[in-house]
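Here is the structure we will look at.
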Amino acid sequence: MSDVIRLKKLGKNYGSRRGLVDLDLSVTRGEVFGYLGPNGAGKSTTIRLLLDLIRPTSGRALVFGEEPRRHAVPLHRRIGYLAGDFVVNPRQRVDECLNFLADLRGGVPRVRITELAERLDLDLSAQIKTLSKGNRQKVGLVQAFMHRPELLILDEPTSGLDPLVQQTFLDLVREAKAGGQTTFMSSHIMSEVEAVADRVGIIRAGRLVACDTVAHLRASTLHEVEVTFTDAPPEAEIAALAGVTGLAVAGDTARFQLAGSPDGLIRLLAGHRVAALRATTPDLEQLFLAYYGTDDNAMEATRV
Amino acid sequence: MSDIMSKTLWDGRRGLGGFAVGTAAVGAMYAGFYPQVAGGAMGQAVQGFSPGLREALRMDDLASAAGYLGSSVFGIIVPLIAVSYGISAGTRAIAGDEELGYLDLLLAHPVSRTRLVLHRFAALAAGAALIAAVVWLAMLAVRPGAQLGSISPTQFAAQCVALALLTVLFGTIALAIGALTGRRAAALAGTAAVAVLSYAAQTIAGQIGADALQYLSPFHYYLAGEPLRHGFQWPDLGILTGATALFLGLAVAAFNRRDLNS
């Protein structure tokens with residue numbers, strides 16, 4: 001099997017707090033997988049289970065086909081991890097910290113560290129306590145990428161980074177993918193994942209609510225369509241189309257939302273005289289919000 | 001800084017240096033008072049105490065160098081400071097760093113939980129050994145001037161080794177409570193309570209007719225054999241070491257079993 005990560009009915013019960021419920025998921029070699037969800041949905045819980053920082057209450061997780069608990073040390077050699085809240089002892093220099101972590105992995109070429117630091121514009125001689133949040137995050141990125149791990153597990157990797165550095169980060173992920181590395185990254189912002197992810201999983205309140213390629217997710221997104229006809233709009237025909245909702249006709253113009261492929265609509269329109277047609281590009285952010293933003297009760301519950 | 005033990009020592013170097021110099025300086029200062037005490041001033045003052053109190057405070061033989069140092073310097077002040085270091089280092093070893101969020105990163109590296117506990121323990125033991133060694137050197141330095149010639153360097157060494165083992169034991173108790181709970185406050189308060197109660201047990205057990213109680217106190221095995229008079233007390237040192245090994249084993253087992261707090 002070329003599954004780098006495989007979760008089977010993975011569950012984590014925190015007692016009163018919500019954890020994970022029957023999570024099934026697999027990530028294949030060389031893939032960039034975006035793991036999306038609101039704060040408290042269970043993203044970090046999943047990631048910490050993969051790294052054997054916590055243990056599942058039910059089901060199992062396999063990384064490179066092995067149990068994280070029984071093979072923690074050999075697995076961790078193959079993984080680069082960036083925590084959601086990357087913290088290290090602030091009373092040390094950046095290079096002191098990175099060299100120590102590199103030594104735990106049996107050493108990393110010095111040029112690799114300096115190359116990454118230069119690309120991210122990180123001063124290796126600075127004391128960590130003098131660094132801003134974004135610059136500390138860069139330290140976390142360097143330590144995750146420096147040994148070119150087969151699997152990158154990144155929890156909210158871009159938090160605190162300015163847009164320019166975010167682009168550098170996305171380049172690093174693309175290069176990792178080109179080099180055959182697998183990336184599992186979490187985020188609560190769709191757009192930053194959309195740019196690099198092959199597939200996206202959306203988690204809400206401990207359950208996976210959607211998991212598909214970006215293209216498929218995009219296809220199932222609602223298009224806002226506005227058609228102006230030269231005569232009366234064929235209201236009944238449009239309403240009968242599969243995937244049409246929220247139809248409103250005002251004079252010559254019909255407005256509605258269209259889910260899925262526009263093929264049927266185009267065939268319908270071909271039999272009429274159309275004066276103007278406007279369809280907004282599907283917004284994944286909207287889809288994402290539709291998956292987890294509407295249910296306020298669920299959002300509240302996850303924060304407890 | 002190639003491993004966790006030396007990195008832990010390096011990161012804690014300021015605190016450790018402070019403890020080592022402080023313990024030795026305070027110990028040397030009090031040891032330096034011995035000529036006045038031997039002159040009788042302190043002995044006369046203590047004569048006013050009841051025999052029971054004198055025995056409890058080990059002040060029934062203040063005139064001899066070993067009696068004075070065993071009651072004051074190595075009886076209260078030096079172990080108090082050294083054990084404080086042990087508790088503080090042992091608390092930081094797991095629970096303290098866990099609460100600060102440092103352990104996630106370390107344990108996501110190719111580092112087993114057992115190795116982390118052992119390295120943290122080794123750093124604690126090295127720190128305790130350093131403090132004891134500096135105290136020993138300080139005693140040797142003041143020995144001629146403070147008329148402490150009746151105590152041989154070996155006897156000082158015996159007392160300092162016991163000091164190191166006592167410090168390591170309390171540090172390991174703190175480490176074990178931290179490994180079990182992940183709570184800094186629990187490790188700190190729990191171990192401090194054990195230290196205070198066991199010191200009290202050693203001191204007053206004889207007074208309240210509960211002699212058996214003192215055998216539960218680590219302080220008994222640190223001091224009761226009077227290393228300053230009789231040299232190395234191997235059975236006592238063995239018991240301190242054995243108790244440390246027990247708590248270390250407990251720490252490893254507990255830490256391997258539980259979830260890391262985020």
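Chains: A, B, ... in order of the structure tokens. Residues: from 1 per chain. Ligands: from 1, in order shown.
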task = Enumerate as an NGL selection string the residues belonging to chain B that approach chain A to within 12 Å, with only C-alpha atoms taken into account.
result = :B and (1-8 or 10-14 or 96-116 or 255-262)
Leaving out Ala275 of chain A and any residue of its chain fewer than 3 positions from it, which residues lie within 10 Å of it when counting only C-alpha atoms, given as a compact mmCIF listing (two decimals) with C-alpha atoms, in the first residue's frame?
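Generated file (selection.txt):
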```txt
# COMPACT_ATOMS: atom_id res chain seq x y z
CA VAL A 227 -29.33 35.28 -17.00
CA THR A 228 -31.05 38.08 -18.87
CA PHE A 229 -33.31 36.93 -21.71
CA THR A 230 -34.57 38.98 -24.63
CA ASP A 231 -38.10 37.88 -23.75
CA ASP A 252 -36.25 39.67 -18.18
CA THR A 253 -33.68 38.50 -15.66
CA HIS A 272 -33.60 30.61 -25.96
```
message = For the structure I just gave you, how does DSSP split segment 36-162 of chain A - specifically, which residues are alpha helix (DSSP H)? Reply as a ChimeraX atom specification.
response = /A:43-50,72-77,94-104,110-120,133-145
Output the selection as a PDB file, in the first residue's frame - C-alpha atoms for each residue.
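Below is the file result39.pdb, written as the result:
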```
ATOM      1  CA  LYS A  43      -7.432  18.987  13.736  1.00  0.00           C
ATOM      2  CA  SER A  44      -4.663  19.134  16.311  1.00  0.00           C
ATOM      3  CA  THR A  45      -6.079  16.077  18.064  1.00  0.00           C
ATOM      4  CA  THR A  46      -5.753  14.093  14.833  1.00  0.00           C
ATOM      5  CA  ILE A  47      -2.217  15.326  14.298  1.00  0.00           C
ATOM      6  CA  ARG A  48      -1.122  14.594  17.856  1.00  0.00           C
ATOM      7  CA  LEU A  49      -2.525  11.072  17.495  1.00  0.00           C
ATOM      8  CA  LEU A  50      -0.411  10.571  14.372  1.00  0.00           C
ATOM      9  CA  ALA A  72       7.343   6.144  17.467  1.00  0.00           C
ATOM     10  CA  VAL A  73      11.098   6.609  17.151  1.00  0.00           C
ATOM     11  CA  PRO A  74      11.642   5.137  13.647  1.00  0.00           C
ATOM     12  CA  LEU A  75       8.484   6.872  12.397  1.00  0.00           C
ATOM     13  CA  HIS A  76       9.543  10.237  13.772  1.00  0.00           C
ATOM     14  CA  ARG A  77      12.788   9.985  11.813  1.00  0.00           C
ATOM     15  CA  VAL A  94      17.890  30.375  16.665  1.00  0.00           C
ATOM     16  CA  ASP A  95      20.867  28.374  15.393  1.00  0.00           C
ATOM     17  CA  GLU A  96      21.458  26.840  18.817  1.00  0.00           C
ATOM     18  CA  CYS A  97      17.880  25.569  18.822  1.00  0.00           C
ATOM     19  CA  LEU A  98      18.000  24.312  15.223  1.00  0.00           C
ATOM     20  CA  ASN A  99      21.369  22.585  15.649  1.00  0.00           C
ATOM     21  CA  PHE A 100      20.107  20.799  18.743  1.00  0.00           C
ATOM     22  CA  LEU A 101      16.997  19.568  16.929  1.00  0.00           C
ATOM     23  CA  ALA A 102      19.106  18.571  13.911  1.00  0.00           C
ATOM     24  CA  ASP A 103      21.398  16.571  16.201  1.00  0.00           C
ATOM     25  CA  LEU A 104      18.398  14.698  17.589  1.00  0.00           C
ATOM     26  CA  ARG A 110      24.543  23.131   7.776  1.00  0.00           C
ATOM     27  CA  VAL A 111      23.936  24.554   4.291  1.00  0.00           C
ATOM     28  CA  ARG A 112      20.385  23.206   4.329  1.00  0.00           C
ATOM     29  CA  ILE A 113      19.590  25.201   7.481  1.00  0.00           C
ATOM     30  CA  THR A 114      21.172  28.393   6.185  1.00  0.00           C
ATOM     31  CA  GLU A 115      19.438  27.985   2.825  1.00  0.00           C
ATOM     32  CA  LEU A 116      16.008  27.647   4.447  1.00  0.00           C
ATOM     33  CA  ALA A 117      16.704  30.523   6.834  1.00  0.00           C
ATOM     34  CA  GLU A 118      17.721  32.765   3.945  1.00  0.00           C
ATOM     35  CA  ARG A 119      14.635  31.929   1.919  1.00  0.00           C
ATOM     36  CA  LEU A 120      12.393  32.653   4.885  1.00  0.00           C
ATOM     37  CA  LYS A 133       5.395  35.537  16.398  1.00  0.00           C
ATOM     38  CA  GLY A 134       5.868  35.248  12.657  1.00  0.00           C
ATOM     39  CA  ASN A 135       9.628  34.876  12.948  1.00  0.00           C
ATOM     40  CA  ARG A 136       9.260  32.179  15.603  1.00  0.00           C
ATOM     41  CA  GLN A 137       6.936  30.369  13.223  1.00  0.00           C
ATOM     42  CA  LYS A 138       9.766  30.467  10.665  1.00  0.00           C
ATOM     43  CA  VAL A 139      12.000  28.630  13.145  1.00  0.00           C
ATOM     44  CA  GLY A 140       9.271  26.000  13.311  1.00  0.00           C
ATOM     45  CA  LEU A 141       9.114  25.770   9.529  1.00  0.00           C
ATOM     46  CA  VAL A 142      12.882  25.368   9.192  1.00  0.00           C
ATOM     47  CA  GLN A 143      12.992  22.533  11.745  1.00  0.00           C
ATOM     48  CA  ALA A 144      10.084  20.781  10.036  1.00  0.00           C
ATOM     49  CA  PHE A 145      11.566  20.985   6.531  1.00  0.00           C
TER      50      PHE A 145
END
```
query = Can you list, as a PyMOL selection string, every protein, DNA or RNA residue that comes within 12 Å of Ile5 of chain A when you count only C-alpha atoms, leaving out same-chain residues fewer than 4 positions away?
reply = chain A and resi 1+24-33+46-47+49-51+60-68+75+79+150-153+182-184
request  = Select, from A:Pro109, A:Pro262, A:Gly180, A:Gly160, the residue with the minimum atom-to-atom distance to Val4 of chain A, counting only C-alpha atoms.
outcome  =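 Answer, going by the shortest atom-to-atom distance: A:Gly180.
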ask   = With only C-alpha atoms as the atoms that count, which of B:Gln233, B:Thr203, B:Ser64, B:Thr244 lies nearest to Leu148 of chain B?
value =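 The shortest atom-to-atom distance to Leu148 of chain B comes from B:Ser64.
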ask   = Distance atom CA of Ile77 of chain B-atom CA of Val21 of chain B, one decimal place?
value =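 The value is 13.7 Å.
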